[in-house]
Amino acid sequence: MRRTFRYPAMYNQSTVTITEALKIIQGAPADRPSFFVTLACGFTPLHVQTFLAARLQQALPDRKVVVTTGLFGNLAGTVEGIKDPAIDGLAIVLEWPDLDARLDFRSAGAWGSNAAADVVATVKARLDGLLVALSKVPPGVRVGISLPSLPLPPLFHTPGWLASEYDLLLGSEVLNFAAQVAQSGRGAVLNPQRALETSPSSLSFDFKSYLHAGLPYTTTYADQVSSQLALALLPPSPKKGIISDLDDTLWSGIVGEVGPENVTWDIASHNQLHGLYQKLLASLAGSGTLIGIASKNDPGVVSQAFARQDLLLRSESVFPVEVHWNAKSGSVSRILETWNIAADSVIFVDDSPMELAEVAAAHPGIECVLFPKNDIGAGLAMLRRLRDLCGKERVSADDALRLESIRRASAFREQATDGAAPESFLAQAEATLTFDFGSADKPRVLELVNKTNQFNLNGRRFTDAEWRRLASQPEAIVVAVSYEDKFGPLGTIGVVAGAIDGKCLAVESWVMSCRAFARRIEHQTLKMLFENTGVDEVRFDFLATAKNGPLQDFIAAIIGDRPTTEFRVSRDQFDRSCPALYHKVREMRRVEIDG
Amino acid sequence: MMDDTEKRLAGCFQVVFPGISEATIPTASQATVPEWDSVAAITMVSVIEDEFGVELDLDDLADLDSFEKIHAYVQKRLQVA
């Protein structure tokens, strides 16, 4: 069940051919656990099925992806038939014929003004029915939806360069449906605008193939829709931070030469791309992406520039700021240390290819993005790439806390000695830990499990369906851990999941955010597990990964050595090694106790 | 001895019908390959288009029911191209 999601390959490989797709599918490991996806598609699904299976297989190389289809011509029936929670994903490729047969080039239904109003009414009724069917899909089944992209038949009264009221009403009904799906969180809707940009209908619709064989999509477009559906079903982890240069990147001009009052980023000075970049960073910061600065500059001059009221990225949204004349790779090292995240979770943006190369050499895995100061035309692609890499389906309350908690963690570490906080500091921190036993279905919980690397028991990632299965097994226990102290809250920073087996608790997943290190939260968590469950020992489903050294160090302090495989910790072992704990402990929906 | 087009076409058959042996490909037809249905035929068209860079006419699909016929058809298309 160990696996990794190879999303970068999906981003980098813009297209695959049908031959490549078939070879990918044929190369799937037959003896590995399956990843089941149902494809609901009213037309002959052939190429979409092949490409979807191939794209998912690329992302899940150690799973056997199985894409099954429903009844031909009965998309709604296929969705209604999804009852099995063992299905991992549902991919819906919606097209006009699914909503009214008169919108199908292959049907004999009548066209004309008399039918127009009825077509609109039928489409609305079908979409309403689909919403109901979607609401009944088991909660753990992740849903991706592609909206109609084929051209409508010329059945309405207007010439093709004009939109009739019926064209517009049909579009409106589809968008209303999509908005309700997105709002409810019951499905991930592909962006129809993005699909149109890359494959306008002249390149996506194969009229002859549709009439002959029922295949409306060109192979290129079938692959494109499939790759986006794969991303919707297996969403990649967003990058956690952006480290940006200043001169000719955050703003136009060399601030040390022209002065803080003369760097620009507005339309009047023809430097709007820098303004847009600032707005994007501010927007990303607002949704929890960390923003840091690495610049070769005079700190005093930079401070003056950041004091300008018209700056679109406020200095409060940026931390840390590394401004000096030393190598940027060193700045990046310190920023990563402050954020306590790995290089492969971060993007570095600079206008200098040389600086990008220097940072890339020192920090393998970091995503380096060139700010195209001399190629404004490439600016939009860069802005969209940053949004794609950092974008999230939803923003949680914990996202809003992230930057402040990093600042606090930094202040916390400054008072620590050799990575451990002084005893007096811990004792006076007025820390409260909250253990929430009813949190398994909260999005933040699975998100934390799937993106945490350093304090992670085994690096195991879960799909929605797998997580729900784990949480619903007999004697299952899923606990979300939140922390706050007198400096403020860190939000939800830990998750433990497992099941009680007699006098033993078998822990299958344990993660803790790196922001929460050095507070003895892991000790208090283990203490709580022993006390709450009454078990004599805890068995850990451990697997060493390239990054989970911090967890291994914690365990080594208890059992005497770094683990190499599954291990057990007895209550006595833990009690002997547990340091003094100062947290106030709360259990959600339980009696409050002092720990 | 297979010519280059035959070898490449045989590769296409192996992709579409991974279960059939290399030796039987030259004599393969819809009658001898159970998996060769209408869906496989369309997949075959796309794989051949990928391999040879030529567009096959779906109007001709019904006649292309054996390796031999497809080979002759592809050779003709390559000459036109």
# chains A, B, ... in the order shown; residues from 1 in each chain; ligands from 1
$ residues_around --residues "Val120 in chain A" --least-positions-apart "6" --cutoff "9 Å" --atoms "only C-alpha atoms" --output "ChimeraX atom specification"
/A:100,166-167,169-170,173
$ closest_atom_pairs --of "chain B" --to "chain A" --cutoff "12 Å" --atoms "only C-alpha atoms" --output "JSON lines"
{"residue": "B:Gly11", "atom": "CA", "partner": "A:Thr19", "partner_atom": "CA", "distance": 10.1}
{"residue": "B:Cys12", "atom": "CA", "partner": "A:Thr19", "partner_atom": "CA", "distance": 7.9}
{"residue": "B:Phe13", "atom": "CA", "partner": "A:Thr19", "partner_atom": "CA", "distance": 10.5}
{"residue": "B:Gln14", "atom": "CA", "partner": "A:Lys23", "partner_atom": "CA", "distance": 9.9}
{"residue": "B:Val15", "atom": "CA", "partner": "A:Leu22", "partner_atom": "CA", "distance": 6.7}
{"residue": "B:Val16", "atom": "CA", "partner": "A:Leu22", "partner_atom": "CA", "distance": 7.5}
{"residue": "B:Phe17", "atom": "CA", "partner": "A:Leu22", "partner_atom": "CA", "distance": 10.1}
{"residue": "B:Pro18", "atom": "CA", "partner": "A:Gln26", "partner_atom": "CA", "distance": 8.0}
{"residue": "B:Gly19", "atom": "CA", "partner": "A:Gln26", "partner_atom": "CA", "distance": 10.6}
{"residue": "B:Ser38", "atom": "CA", "partner": "A:Ala213", "partner_atom": "CA", "distance": 8.6}
{"residue": "B:Val39", "atom": "CA", "partner": "A:Leu46", "partner_atom": "CA", "distance": 7.0}
{"residue": "B:Ala40", "atom": "CA", "partner": "A:Leu46", "partner_atom": "CA", "distance": 9.1}
{"residue": "B:Ala41", "atom": "CA", "partner": "A:Ala213", "partner_atom": "CA", "distance": 10.3}
{"residue": "B:Ile42", "atom": "CA", "partner": "A:Ala213", "partner_atom": "CA", "distance": 8.0}
{"residue": "B:Thr43", "atom": "CA", "partner": "A:His47", "partner_atom": "CA", "distance": 7.8}
{"residue": "B:Met44", "atom": "CA", "partner": "A:Thr19", "partner_atom": "CA", "distance": 9.3}
{"residue": "B:Val45", "atom": "CA", "partner": "A:Ile18", "partner_atom": "CA", "distance": 10.1}
{"residue": "B:Ser46", "atom": "CA", "partner": "A:Ile18", "partner_atom": "CA", "distance": 6.6}
{"residue": "B:Val47", "atom": "CA", "partner": "A:Thr19", "partner_atom": "CA", "distance": 5.4}
{"residue": "B:Ile48", "atom": "CA", "partner": "A:Thr19", "partner_atom": "CA", "distance": 8.7}
{"residue": "B:Glu49", "atom": "CA", "partner": "A:Ile18", "partner_atom": "CA", "distance": 9.5}
{"residue": "B:Asp50", "atom": "CA", "partner": "A:Thr17", "partner_atom": "CA", "distance": 6.9}
{"residue": "B:Glu51", "atom": "CA", "partner": "A:Thr19", "partner_atom": "CA", "distance": 8.1}
{"residue": "B:Phe52", "atom": "CA", "partner": "A:Thr19", "partner_atom": "CA", "distance": 11.7}
{"residue": "B:Gly53", "atom": "CA", "partner": "A:Thr17", "partner_atom": "CA", "distance": 11.7}
{"residue": "B:Leu56", "atom": "CA", "partner": "A:Ser209", "partner_atom": "CA", "distance": 11.1}
{"residue": "B:Asp57", "atom": "CA", "partner": "A:Ser209", "partner_atom": "CA", "distance": 9.5}
{"residue": "B:Leu58", "atom": "CA", "partner": "A:His212", "partner_atom": "CA", "distance": 7.1}
{"residue": "B:Asp59", "atom": "CA", "partner": "A:His212", "partner_atom": "CA", "distance": 8.0}
{"residue": "B:Asp60", "atom": "CA", "partner": "A:His212", "partner_atom": "CA", "distance": 10.9}
{"residue": "B:Leu61", "atom": "CA", "partner": "A:His212", "partner_atom": "CA", "distance": 9.8}
{"residue": "B:Ala62", "atom": "CA", "partner": "A:His212", "partner_atom": "CA", "distance": 10.9}
$ write_last_selection --atoms "N, CA and C atoms" --output "compact mmCIF listing (two decimals), in the first residue's frame"
# COMPACT_ATOMS: atom_id res chain seq x y z
N GLY B 11 4.27 -4.07 -34.59
CA GLY B 11 4.38 -3.40 -33.29
C GLY B 11 3.05 -2.79 -32.87
N CYS B 12 2.34 -2.21 -33.84
CA CYS B 12 1.01 -1.64 -33.55
C CYS B 12 0.06 -2.75 -33.07
N PHE B 13 0.12 -3.89 -33.73
CA PHE B 13 -0.75 -5.00 -33.33
C PHE B 13 -0.43 -5.46 -31.91
N GLN B 14 0.86 -5.46 -31.59
CA GLN B 14 1.24 -5.90 -30.23
C GLN B 14 0.73 -4.94 -29.17
N VAL B 15 0.67 -3.65 -29.52
CA VAL B 15 0.15 -2.67 -28.57
C VAL B 15 -1.36 -2.86 -28.37
N VAL B 16 -2.07 -3.08 -29.47
CA VAL B 16 -3.53 -3.18 -29.38
C VAL B 16 -3.97 -4.56 -28.87
N PHE B 17 -3.22 -5.59 -29.29
CA PHE B 17 -3.55 -6.96 -28.86
C PHE B 17 -2.36 -7.58 -28.13
N PRO B 18 -2.11 -7.15 -26.90
CA PRO B 18 -0.91 -7.63 -26.21
C PRO B 18 -0.91 -9.14 -25.98
N GLY B 19 -2.06 -9.77 -26.13
CA GLY B 19 -2.14 -11.21 -25.85
C GLY B 19 -1.72 -12.10 -27.01
N SER B 38 -15.10 -3.81 -32.74
CA SER B 38 -15.16 -2.47 -33.33
C SER B 38 -14.34 -1.46 -32.51
N VAL B 39 -14.33 -1.67 -31.19
CA VAL B 39 -13.56 -0.77 -30.33
C VAL B 39 -12.06 -0.94 -30.60
N ALA B 40 -11.63 -2.20 -30.71
CA ALA B 40 -10.21 -2.45 -30.99
C ALA B 40 -9.84 -1.91 -32.37
N ALA B 41 -10.76 -1.99 -33.30
CA ALA B 41 -10.47 -1.50 -34.65
C ALA B 41 -10.20 0.00 -34.63
N ILE B 42 -10.99 0.73 -33.85
CA ILE B 42 -10.78 2.18 -33.77
C ILE B 42 -9.46 2.48 -33.04
N THR B 43 -9.20 1.73 -32.00
CA THR B 43 -7.92 1.91 -31.31
C THR B 43 -6.77 1.66 -32.27
N MET B 44 -6.91 0.61 -33.09
CA MET B 44 -5.87 0.28 -34.07
C MET B 44 -5.63 1.45 -35.03
N VAL B 45 -6.70 2.08 -35.47
CA VAL B 45 -6.57 3.23 -36.37
C VAL B 45 -5.71 4.32 -35.70
N SER B 46 -6.03 4.63 -34.44
CA SER B 46 -5.28 5.69 -33.74
C SER B 46 -3.82 5.30 -33.55
N VAL B 47 -3.57 4.05 -33.23
CA VAL B 47 -2.18 3.60 -33.01
C VAL B 47 -1.39 3.64 -34.33
N ILE B 48 -2.04 3.24 -35.41
CA ILE B 48 -1.35 3.30 -36.72
C ILE B 48 -1.09 4.75 -37.11
N GLU B 49 -2.04 5.63 -36.85
CA GLU B 49 -1.84 7.05 -37.15
C GLU B 49 -0.66 7.60 -36.35
N ASP B 50 -0.57 7.19 -35.08
CA ASP B 50 0.56 7.59 -34.23
C ASP B 50 1.87 7.11 -34.85
N GLU B 51 1.91 5.85 -35.24
CA GLU B 51 3.15 5.21 -35.67
C GLU B 51 3.63 5.73 -37.02
N PHE B 52 2.70 5.88 -37.95
CA PHE B 52 3.11 6.20 -39.32
C PHE B 52 2.89 7.67 -39.69
N GLY B 53 2.20 8.41 -38.82
CA GLY B 53 1.99 9.82 -39.12
C GLY B 53 1.07 10.04 -40.31
N LEU B 56 -5.87 7.85 -41.32
CA LEU B 56 -6.65 6.78 -41.95
C LEU B 56 -8.10 7.25 -42.08
N ASP B 57 -8.73 6.85 -43.17
CA ASP B 57 -10.10 7.27 -43.41
C ASP B 57 -11.05 6.26 -42.75
N LEU B 58 -11.90 6.78 -41.85
CA LEU B 58 -12.82 5.87 -41.16
C LEU B 58 -13.78 5.16 -42.11
N ASP B 59 -13.96 5.76 -43.31
CA ASP B 59 -14.82 5.09 -44.31
C ASP B 59 -14.23 3.74 -44.72
N ASP B 60 -12.91 3.63 -44.62
CA ASP B 60 -12.25 2.40 -45.06
C ASP B 60 -12.18 1.33 -43.96
N LEU B 61 -12.62 1.71 -42.77
CA LEU B 61 -12.40 0.86 -41.60
C LEU B 61 -13.01 -0.55 -41.77
N ALA B 62 -14.19 -0.59 -42.37
CA ALA B 62 -14.89 -1.88 -42.47
C ALA B 62 -14.10 -2.90 -43.28
$ atom_distance --atom1 "CA of Gln272 in chain A" --atom2 "CA of Ala307 in chain A"
19.7 Å
$ select_by_dssp --residues "chain B" --states "helix (DSSP H, G or I)" --output "PyMOL selection string"
chain B and resi 4-16+22-27+38-52+58-63+67-80
$ residues_around --residues "range 493-504 of chain A" --least-positions-apart "4" --cutoff "7 Å" --atoms "only C-alpha atoms" --output "PyMOL selection string"
chain A and resi 445+449+475-483+508-513+516+535-539
$ residues_around --residues "Thr27 in chain B" --least-positions-apart "4" --cutoff "12 Å" --atoms "only C-alpha atoms" --output "ChimeraX atom specification"
/B:6,10,13,20-23,31-33,65-71
$ atom_distance --atom1 "CA of His274 in chain A" --atom2 "CA of Val301 in chain A"
18.7 Å
$ residues_around --residues "Val174 in chain A" --least-positions-apart "6" --cutoff "12 Å" --atoms "only C-alpha atoms" --output "ChimeraX atom specification"
/A:94-96,98-99,120,123-128,130-131,145-149,167-168,180-181,189,192
$ write_last_selection --atoms "N, CA and C atoms" --output "PDB file, in the first residue's frame"
ATOM      1  N   LEU A  94     -19.413  15.204 -19.154  1.00  0.00           N
ATOM      2  CA  LEU A  94     -20.765  15.620 -19.512  1.00  0.00           C
ATOM      3  C   LEU A  94     -20.754  16.260 -20.894  1.00  0.00           C
ATOM      4  N   GLU A  95     -21.699  15.878 -21.732  1.00  0.00           N
ATOM      5  CA  GLU A  95     -21.833  16.530 -23.040  1.00  0.00           C
ATOM      6  C   GLU A  95     -23.300  16.808 -23.313  1.00  0.00           C
ATOM      7  N   TRP A  96     -23.555  17.670 -24.284  1.00  0.00           N
ATOM      8  CA  TRP A  96     -24.934  18.104 -24.562  1.00  0.00           C
ATOM      9  C   TRP A  96     -25.889  16.940 -24.785  1.00  0.00           C
ATOM     10  N   ASP A  98     -26.103  14.220 -23.377  1.00  0.00           N
ATOM     11  CA  ASP A  98     -26.528  13.650 -22.094  1.00  0.00           C
ATOM     12  C   ASP A  98     -27.687  14.440 -21.500  1.00  0.00           C
ATOM     13  N   LEU A  99     -27.849  15.669 -21.959  1.00  0.00           N
ATOM     14  CA  LEU A  99     -28.846  16.554 -21.358  1.00  0.00           C
ATOM     15  C   LEU A  99     -30.113  16.652 -22.199  1.00  0.00           C
ATOM     16  N   VAL A 120     -34.382  23.632 -23.546  1.00  0.00           N
ATOM     17  CA  VAL A 120     -33.838  24.312 -22.361  1.00  0.00           C
ATOM     18  C   VAL A 120     -34.440  23.724 -21.087  1.00  0.00           C
ATOM     19  N   VAL A 123     -32.943  20.266 -20.446  1.00  0.00           N
ATOM     20  CA  VAL A 123     -31.568  20.359 -19.949  1.00  0.00           C
ATOM     21  C   VAL A 123     -31.575  20.719 -18.459  1.00  0.00           C
ATOM     22  N   LYS A 124     -32.399  21.679 -18.085  1.00  0.00           N
ATOM     23  CA  LYS A 124     -32.459  22.077 -16.669  1.00  0.00           C
ATOM     24  C   LYS A 124     -32.889  20.893 -15.797  1.00  0.00           C
ATOM     25  N   ALA A 125     -33.908  20.171 -16.261  1.00  0.00           N
ATOM     26  CA  ALA A 125     -34.405  19.030 -15.476  1.00  0.00           C
ATOM     27  C   ALA A 125     -33.327  17.940 -15.349  1.00  0.00           C
ATOM     28  N   ARG A 126     -32.613  17.685 -16.435  1.00  0.00           N
ATOM     29  CA  ARG A 126     -31.561  16.660 -16.382  1.00  0.00           C
ATOM     30  C   ARG A 126     -30.433  17.078 -15.426  1.00  0.00           C
ATOM     31  N   LEU A 127     -30.067  18.347 -15.479  1.00  0.00           N
ATOM     32  CA  LEU A 127     -28.998  18.818 -14.591  1.00  0.00           C
ATOM     33  C   LEU A 127     -29.439  18.759 -13.133  1.00  0.00           C
ATOM     34  N   ASP A 128     -30.699  19.101 -12.879  1.00  0.00           N
ATOM     35  CA  ASP A 128     -31.217  18.991 -11.506  1.00  0.00           C
ATOM     36  C   ASP A 128     -31.146  17.538 -11.034  1.00  0.00           C
ATOM     37  N   LEU A 130     -29.091  15.289 -12.100  1.00  0.00           N
ATOM     38  CA  LEU A 130     -27.688  14.924 -11.899  1.00  0.00           C
ATOM     39  C   LEU A 130     -27.183  15.428 -10.545  1.00  0.00           C
ATOM     40  N   LEU A 131     -27.645  16.613 -10.154  1.00  0.00           N
ATOM     41  CA  LEU A 131     -27.268  17.138  -8.829  1.00  0.00           C
ATOM     42  C   LEU A 131     -27.745  16.199  -7.722  1.00  0.00           C
ATOM     43  N   ILE A 145     -15.555  16.457 -12.740  1.00  0.00           N
ATOM     44  CA  ILE A 145     -16.580  16.681 -13.772  1.00  0.00           C
ATOM     45  C   ILE A 145     -16.029  17.567 -14.887  1.00  0.00           C
ATOM     46  N   SER A 146     -16.165  17.083 -16.112  1.00  0.00           N
ATOM     47  CA  SER A 146     -15.851  17.889 -17.283  1.00  0.00           C
ATOM     48  C   SER A 146     -17.166  18.362 -17.888  1.00  0.00           C
ATOM     49  N   LEU A 147     -17.301  19.679 -18.068  1.00  0.00           N
ATOM     50  CA  LEU A 147     -18.553  20.250 -18.573  1.00  0.00           C
ATOM     51  C   LEU A 147     -18.627  20.133 -20.095  1.00  0.00           C
ATOM     52  N   PRO A 148     -19.829  20.283 -20.670  1.00  0.00           N
ATOM     53  CA  PRO A 148     -19.965  20.159 -22.129  1.00  0.00           C
ATOM     54  C   PRO A 148     -19.023  21.108 -22.874  1.00  0.00           C
ATOM     55  N   SER A 149     -18.335  20.551 -23.858  1.00  0.00           N
ATOM     56  CA  SER A 149     -17.386  21.354 -24.629  1.00  0.00           C
ATOM     57  C   SER A 149     -17.626  21.232 -26.133  1.00  0.00           C
ATOM     58  N   ASP A 167     -29.246  29.472 -26.757  1.00  0.00           N
ATOM     59  CA  ASP A 167     -27.813  29.165 -26.540  1.00  0.00           C
ATOM     60  C   ASP A 167     -27.386  29.657 -25.164  1.00  0.00           C
ATOM     61  N   LEU A 168     -27.755  30.906 -24.885  1.00  0.00           N
ATOM     62  CA  LEU A 168     -27.314  31.524 -23.631  1.00  0.00           C
ATOM     63  C   LEU A 168     -27.951  30.857 -22.419  1.00  0.00           C
ATOM     64  N   GLN A 180     -23.138  25.084  -8.409  1.00  0.00           N
ATOM     65  CA  GLN A 180     -23.702  24.377  -7.251  1.00  0.00           C
ATOM     66  C   GLN A 180     -22.821  23.198  -6.839  1.00  0.00           C
ATOM     67  N   VAL A 181     -22.278  22.501  -7.832  1.00  0.00           N
ATOM     68  CA  VAL A 181     -21.383  21.378  -7.521  1.00  0.00           C
ATOM     69  C   VAL A 181     -20.138  21.895  -6.795  1.00  0.00           C
ATOM     70  N   VAL A 189     -14.846  20.591 -10.484  1.00  0.00           N
ATOM     71  CA  VAL A 189     -15.282  20.909 -11.848  1.00  0.00           C
ATOM     72  C   VAL A 189     -14.088  21.426 -12.645  1.00  0.00           C
ATOM     73  N   PRO A 192     -13.689  25.172 -17.701  1.00  0.00           N
ATOM     74  CA  PRO A 192     -13.974  25.083 -19.143  1.00  0.00           C
ATOM     75  C   PRO A 192     -13.177  26.084 -19.954  1.00  0.00           C
TER      76      PRO A 192
END
$ select_by_dssp --residues "range 394-554 of chain A" --states "strand (DSSP E)" --output "PyMOL selection string"
chain A and resi 432-436+455-456+476-485+488-501+504-512+537-540
$ closest_residue --among "A:Pro579, A:Lys240, A:Val258, A:Trp325" --to "Ser287 in chain A" --atoms "only C-alpha atoms"
A:Lys240
$ atom_distance --atom1 "CA of Asp398 in chain A" --atom2 "CA of Pro443 in chain A"
11.0 Å
